[in-house]
2 protein chains.
Amino acid sequence: MTRQDAEGLDAADPLARFRGAFALPPGVIYLDGNSLGPPPLAAHQRLAETIREEWGEGLVRSWNEAGWIAAPMRVGSKIARLLGAQPDEVVVADSTSVNLFKLAAGALSLRPGRKTVLSEFGNFPTDLYALQGLTALLGERAKLKTVAPQDLIAAIDEDTAVVVLTHVHYKSALRWDMAKVTALAHAKGALVLWDLCHSAGAIAVDLTAAGADLAVGCSYKYLNGGPGAPAFLFVAKRHQASIRSPLTGWMGHAEPFAFEDGYRPATDIRGQITGTPPILGLAALEVGVDLQLEADPGTVEAKGRALTDLFIAEVEARNVDPDLALASPRDGAARGLHVAFSHPQGYALVQAMMARGVVGDFRAPDIARFGFSPLFLGFAEVWEAAQILCEVLATRAWDRVEFQTRAAVT
Amino acid sequence: MTRQDAEGLDAADPLARFRGAFALPPGVIYLDGNSLGPPPLAAHQRLAETIREEWGEGLVRSWNEAGWIAAPMRVGSKIARLLGAQPDEVVVADSTSVNLFKLAAGALSLRPGRKTVLSEFGNFPTDLYALQGLTALLGERAKLKTVAPQDLIAAIDEDTAVVVLTHVHYKSALRWDMAKVTALAHAKGALVLWDLCHSAGAIAVDLTAAGADLAVGCSYKYLNGGPGAPAFLFVAKRHQASIRSPLTGWMGHAEPFAFEDGYRPATDIRGQITGTPPILGLAALEVGVDLQLEADPGTVEAKGRALTDLFIAEVEARNVDPDLALASPRDGAARGLHVAFSHPQGYALVQAMMARGVVGDFRAPDIARFGFSPLFLGFAEVWEAAQILCEVLATRAWDRVEFQTRAAVT
């Protein structure tokens, strides 16, 4: 493909208009929206209003009058629409790590008599850490079993309370078949808890169609919610009345402002909230989610797949370095919206590309990882990023690691 | 005291200059900074810069280059200075509710063989709820015992792992003697976990002098960190290497970016962090903390006590309603910086005052609660608020509950 061909794809891109909704520095090709999405332009205004009018003018009354107290449910219901969930099945709360702890504990409570929490080696570390912390705390009543991905399905047995998997792997981008895994787990009487960090805003997830039980995810990647934005969690309606969060804070109480001494859990999704909602973080997140809702999830995924396909094809077509190997599935249907290449000089490669304005990231020991956020990236940019990657490889340009922007890509 | 006398106190107030650092709507006497502090003016600029420059220009590189990854420790070390703690004993993380869970669990792990978590009836609900959730999860290995405040000291025994108390009670403002309770608990081999929500930024807490073990607190009250601002926690240096958080997220790992499968806790205060730090919330919080650090904590507490004394004296001097009763300690040394009055029409009283521009809040069943933030309140304002409270009582002006601002108080 030529650069002109890529420009032709941009001209026909139904999502092209979204680029103008983001603040991206000129001269940067940002292939790290899968780590931290850039700010939507509207985030500036929204935060300024939240501080000046809601916090400054409304003061404490804004908990009711500006809808702060309902914000976790309101933003959650919007995220639900992106995930094929019902509006009252998703809520924004805490961090992904804390939500994993809550829902894995909740899953164990839904499957009394079963002790095993099952996950895979090499899952995103915080997922494994949260499960290690939970099972250590529970002692004899739970155990964490981690197996290789190819052994996972066979490892689901009658002691499995919950299978905890990241839908799209943070390093390889390998995508689990959500409906299939869920059905197989259900057949063994187990639940599944999905980590959607690399799926939300990227893949056209359909939690309802997949029969999903539980899910968590962060909102600072493809949802562009801001650094450390509050996370979300999903509990299927059929589980809400019986699942119990071990983190019983006042906002999960059936009547928080009754100020009772005894905890009575809300029996809807609110029962999974813990402390006071983080309003500034929620305000920025809502901007990112509102923007995402303007795009069709299927169109988003299709464009993302086309971008990753283009990147892989252009890098491999140039064939500049036999040490470079695709470390993601070649089949786009089995992949998320990032692409991993392994290279012995992976770290230096990423740094040298960054010095040329292409921002990706490195994951030890040898992975150069590039994310393709469909809302703000164009095909010509991705073509150019592939070209730059290959130039860096061809010239062994590891010398410059200082970041600087390059001429704007138009 | 006359209004002129109160104005004289304002003229001599060493903290008077701080009023100009806050955005407060004209015509409002804000006696609810103990629920939600108002925005410092500098918060606008700081958030605008954080979004535009750090998030927008720096993108993912800001985790290192803008100091995001260190922000929980940096802001924590500043809060430490307000609390008489060492800089590496405080960190910003999660919510108060989540931090209570973590540190109460940690305290149990520090006192193996002891099962009792001891607290008081009527403690702030989320404190009791968090402890109920934790002890329910631990089953046979822990139990929560709640007693009346006057029975608390006698209830500390050889099975007590940790005493969990709110330093300044959210409703009555009754202040526990931190050093005395800590010494008595230590004498029985127990730890103490203090909730400093109504203390931080108000009372000249000295955790080191008190020999304190553990503490948590929110930052959206007297620290003016913003609605739902991230909370803080304190672990005395001597406990840091051995205390274990049950919420093991990647940011508490000794090397988060090694992406190891196995959790290895950081053995300093970072071991109490869980997920990705909430940067927008931390940015706003740091503004509030920086402002607070410009004032001497002893001066802050002394002014706050003088404001509460003035309010009580002016209300009682007018003696307009025999049903109004002080529900806070009369002795300022035994009180925090808010004042509670009980009245059968407490709810209506608060609403009618609000219609006249005085913002307080109501706590069931009959408490009208007024907070006196020393940084932005003046003596003449407080004098006027007392006058308005008494006018409302004298005229039984329960009719108007709609909020509106009144002429500016100068």
# chains A, B, ... in the order shown; residues from 1 in each chain; ligands from 1
call {"tool": "closest_atom_pairs", "arguments": {"of": "chain B", "to": "chain A", "cutoff": "7 Å", "atoms": "only C-alpha atoms", "output": "CSV"}}
result
residue,atom,partner,partner_atom,distance
B:Ala23,CA,A:Gly56,CA,5.9
B:Leu24,CA,A:Gly56,CA,6.1
B:Pro25,CA,A:Glu57,CA,5.6
B:Leu36,CA,A:Val60,CA,5.6
B:Pro38,CA,A:Gly56,CA,6.0
B:Pro39,CA,A:Gly56,CA,5.7
B:His44,CA,A:Ala48,CA,6.5
B:Ala48,CA,A:His44,CA,6.5
B:Ile51,CA,A:His44,CA,6.7
B:Trp55,CA,A:Pro39,CA,6.6
B:Gly56,CA,A:Pro39,CA,5.7
B:Glu57,CA,A:Pro25,CA,5.6
B:Leu59,CA,A:Pro38,CA,6.3
B:Val60,CA,A:Leu36,CA,5.6
B:Asp94,CA,A:Asp94,CA,6.8
B:Ser95,CA,A:Gly275,CA,5.5
B:Thr96,CA,A:Gly275,CA,6.7
B:Ser97,CA,A:Gly249,CA,5.4
B:Val98,CA,A:Leu247,CA,6.8
B:Phe121,CA,A:Asp261,CA,7.0
B:Gly122,CA,A:Asp261,CA,6.2
B:Pro125,CA,A:Asp261,CA,5.6
B:Thr126,CA,A:Trp250,CA,4.6
B:Leu128,CA,A:Asp261,CA,6.6
B:Tyr129,CA,A:Tyr263,CA,5.4
B:Ala130,CA,A:Thr248,CA,5.1
B:Gly133,CA,A:Pro246,CA,5.1
B:Leu134,CA,A:Pro246,CA,6.5
B:Leu137,CA,A:Pro246,CA,6.4
B:Leu138,CA,A:Leu138,CA,6.6
B:Pro227,CA,A:Ile279,CA,5.6
B:Gly228,CA,A:Pro278,CA,4.1
B:Ala229,CA,A:Pro278,CA,5.8
B:Pro246,CA,A:Gly133,CA,5.1
B:Leu247,CA,A:Gly133,CA,5.9
B:Thr248,CA,A:Ala130,CA,5.1
B:Gly249,CA,A:Thr126,CA,5.0
B:Trp250,CA,A:Thr126,CA,4.6
B:Phe259,CA,A:Pro125,CA,5.7
B:Glu260,CA,A:Pro125,CA,6.3
B:Asp261,CA,A:Pro125,CA,5.6
B:Gly262,CA,A:Tyr129,CA,6.7
B:Tyr263,CA,A:Tyr129,CA,5.4
B:Thr274,CA,A:Ser97,CA,6.6
B:Gly275,CA,A:Ser97,CA,5.4
B:Thr276,CA,A:Gly228,CA,5.2
B:Pro277,CA,A:Gly228,CA,5.1
B:Pro278,CA,A:Gly228,CA,4.1
B:Ile279,CA,A:Pro227,CA,5.6
B:Leu280,CA,A:Gly281,CA,6.2
B:Gly281,CA,A:Leu280,CA,6.2
call {"tool": "write_last_selection", "arguments": {"atoms": "N, CA and C atoms", "output": "short mmCIF file (atom, residue, chain, number, x, y, z; two decimals), in the first residue's frame"}}
result
data_model
loop_
_atom_site.label_atom_id
_atom_site.label_comp_id
_atom_site.auth_asym_id
_atom_site.auth_seq_id
_atom_site.Cartn_x
_atom_site.Cartn_y
_atom_site.Cartn_z
N ALA B 23 -12.84 30.15 46.19
CA ALA B 23 -13.97 30.58 45.38
C ALA B 23 -15.24 30.26 46.16
N LEU B 24 -15.84 31.26 46.76
CA LEU B 24 -17.11 31.04 47.45
C LEU B 24 -18.14 31.99 46.85
N PRO B 25 -19.36 31.50 46.63
CA PRO B 25 -20.34 32.39 46.02
C PRO B 25 -20.69 33.54 46.97
N LEU B 36 -18.06 19.19 52.66
CA LEU B 36 -17.32 19.39 51.41
C LEU B 36 -16.69 20.77 51.42
N PRO B 38 -14.85 24.09 49.97
CA PRO B 38 -15.00 24.78 48.69
C PRO B 38 -13.72 24.72 47.88
N PRO B 39 -13.78 25.02 46.58
CA PRO B 39 -12.56 24.96 45.77
C PRO B 39 -11.62 26.12 46.04
N HIS B 44 -8.72 25.65 39.77
CA HIS B 44 -9.09 25.82 38.37
C HIS B 44 -7.86 25.72 37.47
N ALA B 48 -6.73 22.78 34.82
CA ALA B 48 -6.59 23.14 33.40
C ALA B 48 -5.21 22.75 32.88
N ILE B 51 -4.83 18.89 32.62
CA ILE B 51 -5.48 18.32 31.43
C ILE B 51 -4.74 18.73 30.17
N TRP B 55 -1.76 15.81 30.67
CA TRP B 55 -2.49 14.76 29.97
C TRP B 55 -2.42 14.96 28.45
N GLY B 56 -2.71 16.17 27.99
CA GLY B 56 -2.82 16.42 26.55
C GLY B 56 -1.49 16.47 25.82
N GLU B 57 -0.51 17.19 26.37
CA GLU B 57 0.80 17.29 25.70
C GLU B 57 1.70 16.11 26.05
N LEU B 59 0.86 13.23 27.45
CA LEU B 59 0.23 11.93 27.22
C LEU B 59 0.82 10.89 28.19
N VAL B 60 1.01 9.70 27.72
CA VAL B 60 1.39 8.61 28.62
C VAL B 60 2.74 8.86 29.31
N ASP B 94 -7.23 5.31 47.07
CA ASP B 94 -8.56 4.75 47.28
C ASP B 94 -9.48 5.70 48.05
N SER B 95 -10.49 5.14 48.71
CA SER B 95 -11.42 5.93 49.51
C SER B 95 -11.19 5.60 50.98
N THR B 96 -11.75 6.40 51.85
CA THR B 96 -11.66 6.12 53.28
C THR B 96 -12.18 4.72 53.59
N SER B 97 -13.29 4.36 52.98
CA SER B 97 -13.89 3.04 53.25
C SER B 97 -12.93 1.92 52.89
N VAL B 98 -12.33 2.01 51.70
CA VAL B 98 -11.40 0.97 51.26
C VAL B 98 -10.16 0.96 52.14
N PHE B 121 -20.48 2.20 69.03
CA PHE B 121 -21.80 2.47 68.45
C PHE B 121 -21.81 3.89 67.91
N GLY B 122 -22.48 4.09 66.82
CA GLY B 122 -22.65 5.46 66.35
C GLY B 122 -21.42 6.05 65.71
N PRO B 125 -20.94 5.69 59.83
CA PRO B 125 -21.40 4.41 59.28
C PRO B 125 -20.39 3.66 58.45
N THR B 126 -19.69 4.35 57.56
CA THR B 126 -18.81 3.60 56.66
C THR B 126 -17.70 2.89 57.44
N LEU B 128 -18.06 1.50 60.43
CA LEU B 128 -18.67 0.27 60.93
C LEU B 128 -18.94 -0.71 59.78
N TYR B 129 -19.39 -0.19 58.67
CA TYR B 129 -19.70 -1.08 57.53
C TYR B 129 -18.44 -1.78 57.04
N ALA B 130 -17.35 -1.02 56.90
CA ALA B 130 -16.11 -1.61 56.40
C ALA B 130 -15.65 -2.73 57.34
N GLY B 133 -17.92 -5.76 56.95
CA GLY B 133 -17.57 -6.51 55.75
C GLY B 133 -16.32 -7.34 55.93
N LEU B 134 -15.32 -6.74 56.56
CA LEU B 134 -14.05 -7.44 56.77
C LEU B 134 -14.23 -8.64 57.70
N LEU B 137 -16.05 -11.48 56.13
CA LEU B 137 -15.21 -12.19 55.17
C LEU B 137 -14.24 -13.13 55.89
N LEU B 138 -13.75 -12.69 57.03
CA LEU B 138 -12.74 -13.48 57.75
C LEU B 138 -13.35 -14.61 58.57
N PRO B 227 -14.84 17.16 45.61
CA PRO B 227 -15.85 16.13 45.89
C PRO B 227 -15.35 14.72 45.58
N GLY B 228 -15.37 13.88 46.59
CA GLY B 228 -14.91 12.50 46.40
C GLY B 228 -13.41 12.42 46.14
N ALA B 229 -12.65 13.41 46.60
CA ALA B 229 -11.19 13.41 46.44
C ALA B 229 -10.62 12.11 47.01
N PRO B 246 -4.58 -6.57 52.19
CA PRO B 246 -5.27 -7.65 51.48
C PRO B 246 -5.64 -7.24 50.05
N LEU B 247 -5.61 -5.94 49.78
CA LEU B 247 -5.96 -5.45 48.44
C LEU B 247 -4.67 -5.23 47.67
N THR B 248 -4.18 -6.33 47.11
CA THR B 248 -2.88 -6.35 46.47
C THR B 248 -3.03 -6.01 44.99
N GLY B 249 -2.92 -4.74 44.70
CA GLY B 249 -2.95 -4.28 43.31
C GLY B 249 -1.55 -3.98 42.83
N TRP B 250 -1.45 -3.77 41.54
CA TRP B 250 -0.11 -3.66 40.95
C TRP B 250 0.69 -2.49 41.48
N PHE B 259 6.07 -6.36 35.91
CA PHE B 259 4.97 -7.17 35.39
C PHE B 259 5.15 -8.65 35.73
N GLU B 260 5.51 -8.92 36.98
CA GLU B 260 5.67 -10.31 37.42
C GLU B 260 4.31 -10.94 37.70
N ASP B 261 4.24 -12.26 37.60
CA ASP B 261 2.99 -12.96 37.92
C ASP B 261 2.73 -12.99 39.43
N GLY B 262 3.79 -12.98 40.23
CA GLY B 262 3.62 -13.12 41.68
C GLY B 262 3.70 -11.79 42.39
N TYR B 263 2.82 -11.58 43.35
CA TYR B 263 2.82 -10.33 44.10
C TYR B 263 3.95 -10.32 45.12
N THR B 274 -3.18 0.48 45.83
CA THR B 274 -3.82 -0.64 45.14
C THR B 274 -3.72 -0.43 43.63
N GLY B 275 -4.62 0.36 43.08
CA GLY B 275 -4.67 0.52 41.63
C GLY B 275 -3.96 1.77 41.14
N THR B 276 -4.19 2.07 39.88
CA THR B 276 -3.59 3.22 39.22
C THR B 276 -4.05 4.52 39.91
N PRO B 277 -3.12 5.41 40.22
CA PRO B 277 -3.50 6.62 40.97
C PRO B 277 -4.45 7.54 40.19
N PRO B 278 -5.43 8.10 40.85
CA PRO B 278 -6.41 8.99 40.20
C PRO B 278 -5.82 10.40 40.08
N ILE B 279 -5.25 10.69 38.91
CA ILE B 279 -4.42 11.89 38.76
C ILE B 279 -5.22 13.19 38.84
N LEU B 280 -6.40 13.24 38.23
CA LEU B 280 -7.16 14.50 38.30
C LEU B 280 -7.54 14.81 39.75
N GLY B 281 -7.97 13.80 40.46
CA GLY B 281 -8.31 13.98 41.88
C GLY B 281 -7.10 14.37 42.70
#
call {"tool": "residues_around", "arguments": {"residues": "stretch 316-333 of chain A", "least_positions_apart": "6", "cutoff": "7 Å", "atoms": "only C-alpha atoms", "output": "PyMOL selection string"}}
result
chain A and resi 172-174+305+339-343+390+393-394
call {"tool": "closest_residue", "arguments": {"among": "B:Met353, B:Ile367, B:Leu307, B:Ala348", "to": "B:Leu9", "atoms": "only C-alpha atoms"}}
result
B:Leu307
call {"tool": "residues_around", "arguments": {"residues": "A:Ser219", "least_positions_apart": "2", "cutoff": "8 Å", "atoms": "only C-alpha atoms", "output": "list in words"}}
result
Cys197, Ala200, Gly217, Lys221, Tyr222, Leu223, Asn224, Gly225, Gly226, Ala229, Pro230, Ala231, Phe232 and Leu285 of chain A
call {"tool": "write_last_selection", "arguments": {"atoms": "N, CA and C atoms", "output": "compact mmCIF listing (two decimals), in the first residue's frame"}}
result
# COMPACT_ATOMS: atom_id res chain seq x y z
N CYS A 197 -10.42 -4.27 30.33
CA CYS A 197 -9.57 -3.07 30.22
C CYS A 197 -9.20 -2.76 28.77
N ALA A 200 -13.11 -2.32 26.35
CA ALA A 200 -14.12 -1.25 26.41
C ALA A 200 -13.71 -0.08 25.52
N GLY A 217 -13.35 -3.26 34.42
CA GLY A 217 -12.52 -2.64 33.40
C GLY A 217 -12.11 -1.24 33.80
N LYS A 221 -8.14 3.90 29.01
CA LYS A 221 -7.54 3.47 27.74
C LYS A 221 -8.43 3.95 26.59
N TYR A 222 -9.15 3.04 25.95
CA TYR A 222 -9.93 3.43 24.77
C TYR A 222 -11.13 4.31 25.11
N LEU A 223 -11.49 4.40 26.38
CA LEU A 223 -12.59 5.28 26.75
C LEU A 223 -12.12 6.71 27.00
N ASN A 224 -10.82 6.91 27.02
CA ASN A 224 -10.25 8.26 27.11
C ASN A 224 -10.76 9.04 28.33
N GLY A 225 -10.85 8.35 29.46
CA GLY A 225 -11.41 8.94 30.66
C GLY A 225 -10.43 9.72 31.51
N GLY A 226 -9.15 9.66 31.18
CA GLY A 226 -8.16 10.42 31.96
C GLY A 226 -7.30 9.52 32.82
N ALA A 229 -8.46 7.29 35.78
CA ALA A 229 -9.91 7.48 35.84
C ALA A 229 -10.56 6.34 36.62
N PRO A 230 -11.70 6.61 37.26
CA PRO A 230 -12.35 5.55 38.02
C PRO A 230 -12.75 4.39 37.11
N ALA A 231 -12.75 3.20 37.66
CA ALA A 231 -13.01 1.98 36.89
C ALA A 231 -14.51 1.67 36.89
N PHE A 232 -14.88 0.66 36.14
CA PHE A 232 -16.28 0.24 36.12
C PHE A 232 -16.37 -1.24 36.44
N LEU A 285 -14.37 11.36 32.82
CA LEU A 285 -14.73 10.08 32.21
C LEU A 285 -16.01 10.19 31.39
call {"tool": "select_by_dssp", "arguments": {"residues": "stretch 333-366 of chain A", "states": "strand (DSSP E or B)", "output": "JSON, numbers by chain"}}
result
{"A": [335, 338, 339, 340, 341, 342, 358, 359, 361, 362, 363]}
call {"tool": "write_last_selection", "arguments": {"atoms": "N, CA and C atoms", "output": "PDB file, in the first residue's frame"}}
result
ATOM      1  N   ARG A 335      -7.877 -10.964  17.838  1.00  0.00           N
ATOM      2  CA  ARG A 335      -6.970  -9.957  18.349  1.00  0.00           C
ATOM      3  C   ARG A 335      -7.761  -8.753  18.835  1.00  0.00           C
ATOM      4  N   HIS A 338      -4.513  -3.713  19.725  1.00  0.00           N
ATOM      5  CA  HIS A 338      -3.093  -3.378  19.733  1.00  0.00           C
ATOM      6  C   HIS A 338      -2.309  -4.512  19.085  1.00  0.00           C
ATOM      7  N   VAL A 339      -1.083  -4.209  18.748  1.00  0.00           N
ATOM      8  CA  VAL A 339      -0.228  -5.156  18.050  1.00  0.00           C
ATOM      9  C   VAL A 339       1.109  -5.202  18.773  1.00  0.00           C
ATOM     10  N   ALA A 340       1.574  -6.408  19.035  1.00  0.00           N
ATOM     11  CA  ALA A 340       2.864  -6.582  19.694  1.00  0.00           C
ATOM     12  C   ALA A 340       3.847  -7.196  18.707  1.00  0.00           C
ATOM     13  N   PHE A 341       5.022  -6.623  18.658  1.00  0.00           N
ATOM     14  CA  PHE A 341       6.144  -7.228  17.935  1.00  0.00           C
ATOM     15  C   PHE A 341       7.237  -7.517  18.955  1.00  0.00           C
ATOM     16  N   SER A 342       7.846  -8.682  18.824  1.00  0.00           N
ATOM     17  CA  SER A 342       9.009  -8.935  19.663  1.00  0.00           C
ATOM     18  C   SER A 342      10.277  -8.611  18.870  1.00  0.00           C
ATOM     19  N   VAL A 358       6.585   8.847  17.222  1.00  0.00           N
ATOM     20  CA  VAL A 358       5.625   7.735  17.282  1.00  0.00           C
ATOM     21  C   VAL A 358       5.658   7.152  18.701  1.00  0.00           C
ATOM     22  N   VAL A 359       4.553   7.318  19.396  1.00  0.00           N
ATOM     23  CA  VAL A 359       4.507   6.880  20.792  1.00  0.00           C
ATOM     24  C   VAL A 359       3.874   5.495  20.873  1.00  0.00           C
ATOM     25  N   ASP A 361       4.668   1.620  23.389  1.00  0.00           N
ATOM     26  CA  ASP A 361       5.317   1.322  24.665  1.00  0.00           C
ATOM     27  C   ASP A 361       5.977  -0.050  24.639  1.00  0.00           C
ATOM     28  N   PHE A 362       6.776  -0.293  25.656  1.00  0.00           N
ATOM     29  CA  PHE A 362       7.584  -1.501  25.752  1.00  0.00           C
ATOM     30  C   PHE A 362       7.066  -2.333  26.914  1.00  0.00           C
ATOM     31  N   ARG A 363       6.982  -3.644  26.707  1.00  0.00           N
ATOM     32  CA  ARG A 363       6.643  -4.545  27.796  1.00  0.00           C
ATOM     33  C   ARG A 363       7.705  -5.646  27.831  1.00  0.00           C
TER      34      ARG A 363
END
call {"tool": "closest_residue", "arguments": {"among": "A:Glu158, A:Glu65, A:Glu294, A:Asp151", "to": "A:Val117", "atoms": "only C-alpha atoms"}}
result
A:Glu158
call {"tool": "select_by_dssp", "arguments": {"residues": "stretch 285-340 of chain A", "states": "helix (DSSP H, G or I)", "output": "MDAnalysis selection string"}}
result
chainID A and resid 285:293 297:318 332:334
call {"tool": "atom_distance", "arguments": {"atom1": "atom CA of B:Val287", "atom2": "atom CA of A:Gly76"}}
result
28.8 Å
call {"tool": "atom_distance", "arguments": {"atom1": "atom CA of B:Pro297", "atom2": "atom CA of B:Ala202"}}
result
7.5 Å
call {"tool": "atom_distance", "arguments": {"atom1": "atom CA of B:Ile156", "atom2": "atom CA of B:Lys115"}}
result
11.9 Å
call {"tool": "residues_around", "arguments": {"residues": "A:Ala209", "least_positions_apart": "4", "cutoff": "10 Å", "atoms": "only C-alpha atoms", "output": "MDAnalysis selection string"}}
result
chainID A and resid 84:85 178:179 205
call {"tool": "write_last_selection", "arguments": {"atoms": "C-alpha atoms", "output": "mmCIF file, in the first residue's frame"}}
result
data_model
loop_
_atom_site.group_PDB
_atom_site.id
_atom_site.type_symbol
_atom_site.label_atom_id
_atom_site.label_comp_id
_atom_site.auth_asym_id
_atom_site.auth_seq_id
_atom_site.Cartn_x
_atom_site.Cartn_y
_atom_site.Cartn_z
ATOM 1 C CA GLY A 84 -24.110 -4.756 25.370
ATOM 2 C CA ALA A 85 -25.292 -4.630 28.979
ATOM 3 C CA MET A 178 -16.215 -14.536 25.465
ATOM 4 C CA ALA A 179 -19.397 -16.426 24.568
ATOM 5 C CA VAL A 205 -18.467 -6.477 23.386
#
